[in-house]
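What follows is the content of coords_32.cif, which has mmCIF, C-alpha atoms:
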data_start
#
loop_
_atom_site.group_PDB
_atom_site.id
_atom_site.type_symbol
_atom_site.label_atom_id
_atom_site.label_comp_id
_atom_site.auth_asym_id
_atom_site.auth_seq_id
_atom_site.Cartn_x
_atom_site.Cartn_y
_atom_site.Cartn_z
ATOM 1 C CA MET B 1 106.495 115.072 113.407
ATOM 2 C CA ASP B 2 109.713 114.528 115.396
ATOM 3 C CA ASN B 3 110.081 110.825 116.237
ATOM 4 C CA ARG B 4 113.059 111.190 118.579
ATOM 5 C CA ASP B 5 110.935 110.449 121.648
ATOM 6 C CA GLU B 6 109.675 107.273 120.006
ATOM 7 C CA ILE B 7 113.231 106.163 119.172
ATOM 8 C CA ARG B 8 114.418 106.922 122.706
ATOM 9 C CA ASP B 9 111.559 105.093 124.407
ATOM 10 C CA PHE B 10 111.765 102.084 122.113
ATOM 11 C CA LEU B 11 115.515 101.585 122.539
ATOM 12 C CA ALA B 12 115.354 102.218 126.281
ATOM 13 C CA SER B 13 112.513 99.700 126.686
ATOM 14 C CA ARG B 14 114.445 97.033 124.774
ATOM 15 C CA ARG B 15 117.606 97.733 126.787
ATOM 16 C CA ALA B 16 115.729 97.490 130.087
ATOM 17 C CA ARG B 17 114.523 93.952 129.474
ATOM 18 C CA ILE B 18 117.965 92.354 128.958
ATOM 19 C CA THR B 19 120.030 91.337 131.994
ATOM 20 C CA PRO B 20 123.824 91.354 131.843
ATOM 21 C CA GLN B 21 123.757 87.568 132.185
ATOM 22 C CA GLN B 22 121.509 87.267 129.129
ATOM 23 C CA ALA B 23 123.967 89.442 127.209
ATOM 24 C CA GLY B 24 126.948 87.382 128.361
ATOM 25 C CA LEU B 25 128.313 90.123 130.633
ATOM 26 C CA ALA B 26 129.334 90.074 134.271
ATOM 27 C CA PRO B 27 126.554 91.385 136.568
ATOM 28 C CA GLY B 28 128.791 94.048 138.129
ATOM 29 C CA GLY B 29 127.905 95.973 141.297
ATOM 30 C CA ARG B 30 124.707 97.784 142.249
ATOM 31 C CA ARG B 31 122.668 98.788 139.226
ATOM 32 C CA ARG B 32 120.550 101.909 139.146
ATOM 33 C CA VAL B 33 118.663 100.880 136.012
ATOM 34 C CA PRO B 34 116.937 97.650 135.008
ATOM 35 C CA GLY B 35 118.610 95.675 132.279
ATOM 36 C CA LEU B 36 121.715 96.857 130.493
ATOM 37 C CA ARG B 37 123.479 100.172 130.870
ATOM 38 C CA ARG B 38 124.049 102.299 127.780
ATOM 39 C CA GLU B 39 127.777 101.696 127.911
ATOM 40 C CA GLU B 40 127.174 97.935 127.941
ATOM 41 C CA VAL B 41 125.014 98.141 124.827
ATOM 42 C CA ALA B 42 127.718 100.243 123.196
ATOM 43 C CA VAL B 43 130.356 97.597 123.934
ATOM 44 C CA LEU B 44 128.127 94.831 122.574
ATOM 45 C CA ALA B 45 127.390 96.853 119.421
ATOM 46 C CA GLY B 46 131.025 97.866 118.895
ATOM 47 C CA VAL B 47 130.435 101.620 119.086
ATOM 48 C CA SER B 48 131.421 104.316 121.560
ATOM 49 C CA THR B 49 129.257 105.078 124.580
ATOM 50 C CA ASP B 50 128.838 108.692 123.458
ATOM 51 C CA TRP B 51 127.708 107.520 120.024
ATOM 52 C CA TYR B 52 125.149 105.050 121.405
ATOM 53 C CA THR B 53 123.887 107.644 123.913
ATOM 54 C CA ARG B 54 123.293 110.046 121.041
ATOM 55 C CA LEU B 55 121.510 107.302 119.117
ATOM 56 C CA GLU B 56 119.226 106.490 122.045
ATOM 57 C CA LYS B 57 118.357 110.178 122.322
ATOM 58 C CA GLY B 58 116.824 109.899 118.874
ATOM 59 C CA HIS B 59 119.636 111.065 116.604
ATOM 60 C CA ILE B 60 119.301 108.142 114.233
ATOM 61 C CA SER B 61 119.052 109.836 110.837
ATOM 62 C CA GLY B 62 121.821 108.742 108.482
ATOM 63 C CA VAL B 63 122.955 105.804 110.622
ATOM 64 C CA SER B 64 124.193 102.958 108.426
ATOM 65 C CA GLU B 65 122.438 99.610 108.131
ATOM 66 C CA ASP B 66 125.515 97.865 109.524
ATOM 67 C CA VAL B 67 125.365 99.912 112.708
ATOM 68 C CA LEU B 68 121.608 99.438 113.067
ATOM 69 C CA ASN B 69 122.089 95.699 112.667
ATOM 70 C CA ALA B 70 124.821 95.758 115.329
ATOM 71 C CA VAL B 71 122.507 97.583 117.742
ATOM 72 C CA ALA B 72 119.700 95.140 116.934
ATOM 73 C CA ARG B 73 121.995 92.216 117.770
ATOM 74 C CA ALA B 74 123.181 93.849 120.988
ATOM 75 C CA LEU B 75 119.590 94.418 122.113
ATOM 76 C CA GLN B 76 118.561 90.931 120.939
ATOM 77 C CA LEU B 77 115.735 92.344 118.823
ATOM 78 C CA ASN B 78 113.402 89.903 117.126
ATOM 79 C CA ASP B 79 112.419 90.270 113.462
ATOM 80 C CA ALA B 80 109.503 92.615 114.198
ATOM 81 C CA GLU B 81 111.589 94.810 116.501
ATOM 82 C CA ARG B 82 114.473 94.974 114.046
ATOM 83 C CA ALA B 83 112.084 96.018 111.259
ATOM 84 C CA HIS B 84 110.596 98.637 113.588
ATOM 85 C CA LEU B 85 114.038 100.081 114.327
ATOM 86 C CA PHE B 86 114.713 100.420 110.606
ATOM 87 C CA ASP B 87 111.277 102.017 110.111
ATOM 88 C CA LEU B 88 112.080 104.577 112.805
ATOM 89 C CA ALA B 89 115.421 105.332 111.154
ATOM 90 C CA ARG B 90 113.766 105.849 107.764
ATOM 91 C CA ALA B 91 111.128 108.138 109.271
ATOM 92 C CA ALA B 92 113.823 110.192 111.018
ATOM 93 C CA GLY B 93 115.596 110.738 107.726
ATOM 94 C CA THR B 94 112.634 112.163 105.824
ATOM 95 C CA ARG B 95 110.541 115.255 106.025
ATOM 96 C CA ALA B 96 106.950 114.953 107.150
ATOM 97 C CA ARG B 97 105.011 113.087 104.527
ATOM 98 C CA THR B 98 102.180 110.601 104.332
ATOM 99 C CA ARG B 99 102.602 107.210 102.717
ATOM 100 C CA ARG B 100 100.400 106.489 99.733
ATOM 101 C CA HIS B 101 97.552 104.267 100.845
ATOM 102 C CA ALA B 102 94.729 102.486 99.090
ATOM 103 C CA HIS B 103 91.673 104.057 100.713
ATOM 104 C CA LYS B 104 89.154 101.831 98.986
ATOM 105 C CA VAL B 105 89.013 98.145 98.161
ATOM 106 C CA ARG B 106 89.110 97.547 94.416
ATOM 107 C CA PRO B 107 86.170 95.639 92.881
ATOM 108 C CA GLY B 108 88.552 92.853 91.888
ATOM 109 C CA LEU B 109 89.580 92.350 95.494
ATOM 110 C CA GLN B 110 85.962 92.199 96.600
ATOM 111 C CA ARG B 111 85.238 89.596 93.916
ATOM 112 C CA MET B 112 88.203 87.586 95.194
ATOM 113 C CA LEU B 113 86.800 87.741 98.719
ATOM 114 C CA ASP B 114 83.336 86.720 97.551
ATOM 115 C CA ALA B 115 84.782 83.725 95.720
ATOM 116 C CA MET B 116 85.997 82.373 99.078
ATOM 117 C CA THR B 117 82.772 80.742 100.195
ATOM 118 C CA ASP B 118 84.028 78.343 102.864
ATOM 119 C CA ALA B 119 86.471 80.557 104.767
ATOM 120 C CA PRO B 120 85.980 83.918 106.495
ATOM 121 C CA ALA B 121 88.126 86.568 104.821
ATOM 122 C CA ILE B 122 88.600 90.260 105.577
ATOM 123 C CA ILE B 123 90.650 93.171 104.279
ATOM 124 C CA ARG B 124 91.828 95.760 106.819
ATOM 125 C CA ASN B 125 94.239 98.643 106.856
ATOM 126 C CA GLY B 126 97.072 99.383 109.278
ATOM 127 C CA ARG B 127 94.854 101.139 111.789
ATOM 128 C CA MET B 128 92.624 98.059 112.022
ATOM 129 C CA ASP B 129 89.671 99.395 110.014
ATOM 130 C CA LEU B 130 87.573 96.607 108.478
ATOM 131 C CA LEU B 131 87.301 97.779 104.865
ATOM 132 C CA ALA B 132 85.899 94.669 103.142
ATOM 133 C CA ALA B 133 84.863 91.098 103.861
ATOM 134 C CA ASN B 134 83.167 88.113 102.292
ATOM 135 C CA ARG B 135 79.911 86.723 103.698
ATOM 136 C CA LEU B 136 81.599 84.611 106.361
ATOM 137 C CA GLY B 137 84.007 87.423 107.193
ATOM 138 C CA ARG B 138 81.113 89.808 107.787
ATOM 139 C CA ALA B 139 79.377 87.126 109.837
ATOM 140 C CA ILE B 140 82.302 86.362 112.099
ATOM 141 C CA TYR B 141 83.023 90.055 112.702
ATOM 142 C CA TRP B 142 79.323 90.920 112.936
ATOM 143 C CA PRO B 143 79.639 92.328 116.491
ATOM 144 C CA VAL B 144 82.446 94.638 115.329
ATOM 145 C CA PHE B 145 80.466 95.850 112.329
ATOM 146 C CA GLN B 146 77.627 96.800 114.688
ATOM 147 C CA THR B 147 79.814 99.536 116.155
ATOM 148 C CA ARG B 148 79.439 101.402 112.863
ATOM 149 C CA PRO B 149 75.992 103.005 112.456
ATOM 150 C CA ALA B 150 74.261 101.503 109.427
ATOM 151 C CA ALA B 151 70.737 102.892 109.719
ATOM 152 C CA PRO B 152 69.125 106.241 110.610
ATOM 153 C CA GLY B 153 68.339 106.535 114.272
ATOM 154 C CA ARG B 154 70.881 103.957 115.460
ATOM 155 C CA PRO B 155 72.936 105.418 118.319
ATOM 156 C CA LEU B 156 76.568 106.008 117.567
ATOM 157 C CA HIS B 157 79.195 103.843 119.198
ATOM 158 C CA PRO B 158 81.259 106.018 121.581
ATOM 159 C CA GLY B 159 83.843 107.927 119.594
ATOM 160 C CA ALA B 160 82.400 106.896 116.215
ATOM 161 C CA THR B 161 81.033 109.039 113.430
ATOM 162 C CA PRO B 162 78.690 107.939 110.617
ATOM 163 C CA THR B 163 81.569 107.970 108.144
ATOM 164 C CA GLN B 164 83.983 105.847 110.177
ATOM 165 C CA PRO B 165 84.506 102.222 109.143
ATOM 166 C CA ALA B 166 84.206 99.463 111.711
ATOM 167 C CA ASN B 167 87.438 99.336 113.669
ATOM 168 C CA ILE B 168 88.736 96.290 115.533
ATOM 169 C CA ALA B 169 90.838 98.280 118.007
ATOM 170 C CA ARG B 170 88.030 100.679 118.919
ATOM 171 C CA PHE B 171 85.645 97.759 119.421
ATOM 172 C CA GLN B 172 88.186 95.833 121.472
ATOM 173 C CA PHE B 173 88.999 98.631 123.913
ATOM 174 C CA LEU B 174 85.883 100.807 124.013
ATOM 175 C CA ASP B 175 82.903 98.537 123.374
ATOM 176 C CA PRO B 176 81.516 96.589 126.370
ATOM 177 C CA ALA B 177 81.089 93.572 124.061
ATOM 178 C CA GLY B 178 84.806 93.479 123.224
ATOM 179 C CA PRO B 179 86.003 91.253 126.101
ATOM 180 C CA ASP B 180 83.236 88.732 125.441
ATOM 181 C CA PHE B 181 83.904 88.520 121.706
ATOM 182 C CA PHE B 182 87.647 87.949 122.308
ATOM 183 C CA PRO B 183 87.801 85.251 125.041
ATOM 184 C CA ASN B 184 91.603 85.537 125.257
ATOM 185 C CA TRP B 185 91.184 89.285 125.596
ATOM 186 C CA ASP B 186 94.576 90.117 127.112
ATOM 187 C CA THR B 187 96.451 88.308 124.347
ATOM 188 C CA ALA B 188 94.218 89.773 121.633
ATOM 189 C CA ALA B 189 94.604 93.272 123.095
ATOM 190 C CA ASP B 190 98.397 92.909 123.246
ATOM 191 C CA THR B 191 98.423 91.872 119.582
ATOM 192 C CA THR B 192 96.236 94.771 118.469
ATOM 193 C CA VAL B 193 98.370 97.381 120.239
ATOM 194 C CA ALA B 194 101.585 95.822 118.903
ATOM 195 C CA LEU B 195 100.184 95.979 115.354
ATOM 196 C CA LEU B 196 99.207 99.636 115.801
ATOM 197 C CA ARG B 197 102.654 100.434 117.224
ATOM 198 C CA THR B 198 104.263 98.683 114.236
ATOM 199 C CA GLU B 199 102.124 100.682 111.822
ATOM 200 C CA ALA B 200 102.951 103.932 113.635
ATOM 201 C CA GLY B 201 106.643 103.206 113.075
ATOM 202 C CA ARG B 202 106.057 102.601 109.379
ATOM 203 C CA ASP B 203 103.802 105.597 108.875
ATOM 204 C CA PRO B 204 104.332 108.191 111.653
ATOM 205 C CA TYR B 205 102.699 110.987 109.672
ATOM 206 C CA ASN B 206 99.352 109.222 109.182
ATOM 207 C CA THR B 207 96.938 111.626 110.867
ATOM 208 C CA ASP B 208 94.044 109.127 110.903
ATOM 209 C CA LEU B 209 96.232 106.626 112.755
ATOM 210 C CA THR B 210 97.471 109.298 115.166
ATOM 211 C CA GLN B 211 93.907 110.376 115.926
ATOM 212 C CA LEU B 212 92.835 106.792 116.656
ATOM 213 C CA ILE B 213 95.805 106.239 118.975
ATOM 214 C CA GLY B 214 95.018 109.511 120.743
ATOM 215 C CA GLU B 215 91.367 108.526 121.179
ATOM 216 C CA LEU B 216 92.206 105.103 122.571
ATOM 217 C CA SER B 217 94.936 106.489 124.838
ATOM 218 C CA THR B 218 92.553 109.076 126.246
ATOM 219 C CA ARG B 219 89.660 106.714 126.867
ATOM 220 C CA SER B 220 91.233 103.369 127.756
ATOM 221 C CA ALA B 221 93.708 102.736 130.577
ATOM 222 C CA ASP B 222 94.199 99.211 129.190
ATOM 223 C CA PHE B 223 95.314 100.684 125.886
ATOM 224 C CA ARG B 224 97.579 103.275 127.528
ATOM 225 C CA SER B 225 99.447 100.710 129.596
ATOM 226 C CA ARG B 226 100.039 98.496 126.563
ATOM 227 C CA TRP B 227 101.038 101.393 124.311
ATOM 228 C CA ALA B 228 103.707 102.418 126.822
ATOM 229 C CA GLN B 229 105.379 99.008 126.489
ATOM 230 C CA HIS B 230 106.512 99.770 122.900
ATOM 231 C CA ASN B 231 105.923 96.189 121.752
ATOM 232 C CA VAL B 232 105.685 95.511 118.005
ATOM 233 C CA ARG B 233 104.611 92.497 115.995
ATOM 234 C CA LEU B 234 104.621 90.931 112.535
ATOM 235 C CA HIS B 235 101.278 89.280 111.892
ATOM 236 C CA HIS B 236 101.484 86.527 109.288
ATOM 237 C CA ALA B 237 99.998 83.305 110.676
ATOM 238 C CA GLY B 238 98.611 81.917 113.905
ATOM 239 C CA THR B 239 95.463 80.951 115.775
ATOM 240 C CA LYS B 240 92.698 83.212 117.024
ATOM 241 C CA THR B 241 89.736 82.457 119.270
ATOM 242 C CA PHE B 242 86.338 84.148 119.041
ATOM 243 C CA HIS B 243 83.187 83.830 121.111
ATOM 244 C CA HIS B 244 80.460 84.575 118.593
ATOM 245 C CA PRO B 245 77.036 85.526 119.985
ATOM 246 C CA ALA B 246 75.289 83.209 117.506
ATOM 247 C CA VAL B 247 77.465 80.089 117.333
ATOM 248 C CA GLY B 248 79.645 80.159 120.432
ATOM 249 C CA ASP B 249 83.372 79.484 120.522
ATOM 250 C CA LEU B 250 85.540 79.246 117.410
ATOM 251 C CA THR B 251 89.265 78.569 117.340
ATOM 252 C CA LEU B 252 90.486 79.388 113.844
ATOM 253 C CA ASP B 253 93.844 79.351 112.088
ATOM 254 C CA TYR B 254 94.644 82.463 110.087
ATOM 255 C CA GLU B 255 96.977 83.439 107.276
ATOM 256 C CA SER B 256 97.630 87.147 106.879
ATOM 257 C CA MET B 257 99.427 88.919 104.039
ATOM 258 C CA ASP B 258 100.004 92.500 102.892
ATOM 259 C CA LEU B 259 98.548 93.365 99.495
ATOM 260 C CA HIS B 260 101.527 94.912 97.715
ATOM 261 C CA ALA B 261 99.418 96.137 94.795
ATOM 262 C CA ASP B 262 97.272 98.037 97.305
ATOM 263 C CA PRO B 263 99.677 99.708 99.778
ATOM 264 C CA GLY B 264 98.478 99.704 103.359
ATOM 265 C CA LEU B 265 95.919 96.896 102.930
ATOM 266 C CA ASN B 266 96.122 93.454 104.492
ATOM 267 C CA LEU B 267 94.205 90.263 103.663
ATOM 268 C CA THR B 268 93.431 87.760 106.429
ATOM 269 C CA VAL B 269 91.778 84.377 105.805
ATOM 270 C CA TYR B 270 90.526 82.093 108.584
ATOM 271 C CA THR B 271 90.095 78.317 108.478
ATOM 272 C CA ALA B 272 89.032 75.632 110.943
ATOM 273 C CA ALA B 273 90.721 72.256 111.270
ATOM 274 C CA PRO B 274 88.521 69.436 109.900
ATOM 275 C CA ASP B 275 86.451 67.339 112.320
ATOM 276 C CA THR B 276 86.648 69.890 115.132
ATOM 277 C CA PRO B 277 83.907 71.755 117.030
ATOM 278 C CA SER B 278 85.120 74.959 115.388
ATOM 279 C CA HIS B 279 84.658 73.416 111.937
ATOM 280 C CA ASP B 280 81.058 72.563 112.850
ATOM 281 C CA ALA B 281 80.534 76.031 114.313
ATOM 282 C CA LEU B 282 81.849 77.615 111.114
ATOM 283 C CA ARG B 283 79.297 75.667 109.070
ATOM 284 C CA LEU B 284 76.586 76.816 111.461
ATOM 285 C CA LEU B 285 77.850 80.377 111.051
ATOM 286 C CA ALA B 286 77.451 80.052 107.271
ATOM 287 C CA SER B 287 73.779 79.135 107.733
ATOM 288 C CA TRP B 288 73.338 82.019 110.159
ATOM 289 C CA ALA B 289 74.959 84.409 107.670
ATOM 290 C CA ALA B 290 72.619 83.276 104.884
ATOM 291 C CA THR B 291 69.620 83.961 107.114
ATOM 292 C CA LEU B 292 71.053 87.320 108.093
ATOM 293 C CA ASP B 293 71.423 88.240 104.406
ATOM 294 C CA GLN B 294 67.782 87.386 103.788
ATOM 295 C CA THR B 295 66.202 89.021 106.832
ATOM 296 C CA GLY B 296 68.704 91.666 107.864
ATOM 297 C CA GLN B 297 68.296 90.472 111.446
ATOM 298 C CA PRO B 298 70.449 88.084 113.501
ATOM 299 C CA GLN B 299 68.839 84.732 114.243
ATOM 300 C CA ASP B 300 69.169 82.639 117.388
ATOM 301 C CA THR B 301 70.865 79.378 116.386
ATOM 302 C CA GLY B 302 70.522 77.848 119.813
ATOM 303 C CA ALA B 303 74.297 77.306 119.898
ATOM 304 C CA HIS B 304 75.241 79.480 122.838
ATOM 305 C CA LEU B 305 78.030 77.183 123.855
ATOM 306 C CA PRO B 306 79.558 77.388 127.320
ATOM 307 C CA ARG B 307 83.200 78.374 127.487
ATOM 308 C CA GLY B 308 85.860 76.245 129.121
#
Target encoding structure tokens, full file:
Amino acid sequence: MDNRDEIRDFLASRRARITPQQAGLAPGGRRRVPGLRREEVAVLAGVSTDWYTRLEKGHISGVSEDVLNAVARALQLNDAERAHLFDLARAAGTRARTRRHAHKVRPGLQRMLDAMTDAPAIIRNGRMDLLAANRLGRAIYWPVFQTRPAAPGRPLHPGATPTQPANIARFQFLDPAGPDFFPNWDTAADTTVALLRTEAGRDPYNTDLTQLIGELSTRSADFRSRWAQHNVRLHHAGTKTFHHPAVGDLTLDYESMDLHADPGLNLTVYTAAPDTPSHDALRLLASWAATLDQTGQPQDTGAHLPRG
């Protein structure tokens, strides 16, 4: 895989968003391009215009960290974007190879998840496959898990196969239930695409990831438009809102961390602030999950809360 197009498009998209005024430069005359010109970035980075032009064309292999940092400063890259630039440089300097990934969740990790009884917890990989969860994690992502066939005769979700794990991105962009489950759908969709773009920079030779991106690009205009923006993201902590079909709205804080002993896997744990409607809804979800475990069928809790 040649990642020169990715390097070119990423750097050009970052350059286009910065005005001369934001960079501390004089506006100049008529401008044929949005944002900064290549020669202006070169001046800000302390390199020649020819050198920066070559860099933006994708010739990034062997570039020093000092120069990459100078370009990152000139383009005012945030932490996620700077890391992405370095990922692209590393990928350009290696032959095609696949990173070593943990394809299964170790029993010890599953026991750790199961020990978390009061907080939903999931383990996913970089392409947003849900690989493991505790009881509350399975309950909160129950609509997503339904996109994976679990019984003979159940119709396949579009694009799915019986061996595919439940996938958050596929559910979000291809399942009609996606926009209802994620009330802040635009924000959630932006985050998902940025995470996939970040992972593609880290692991450009991952064929499973490439196939998922190709599927979503082919079938979803919403995904295509977001993918073309080249936005990336680091996902460590924040707040996420769900509209669960059984308990209504939940606004949950999350902490997310990569599992360094299991390359490619990420643990996310959700909590609700005490004495809030979401805290009550999470307790109701726990009761619903217990019933689901016993009967195998979702139960109506009567808590179809209105939004807004």
> Could you state the separation of atom CA of Ala200 of chain B and atom CA of Leu252 of chain B in Å, given to one decimal place?
Replying inline: 27.5 Å
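For the residues B:Pro143, B:Gly93, B:Gly58, B:Pro20, ranking by smallest atom-to-atom distance to Ala246 of chain B using only C-alpha atoms places B:Pro143 first.
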>> For this structure, which residues satisfy the selection - the PyMOL selection byres ((chain B and resi 174-187) around 9) - when it is evaluated on the file as given? I want them as a ChimeraX atom specification.
In response: /B:143-144,147,157-159,169-173,188-192,216,219-220,240-245,249,307
>> What's the separation between atom CA of Met257 of chain B and atom CA of Val269 of chain B, in Å to one decimal place?
In response: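 Interatomic distance here is 9.1 Å.
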>> Rounded to one decimal, what separation in Å do you get between atom CA of Gly46 of chain B and atom CA of Val67 of chain B?
In response: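 These two atoms are separated by 8.6 Å.
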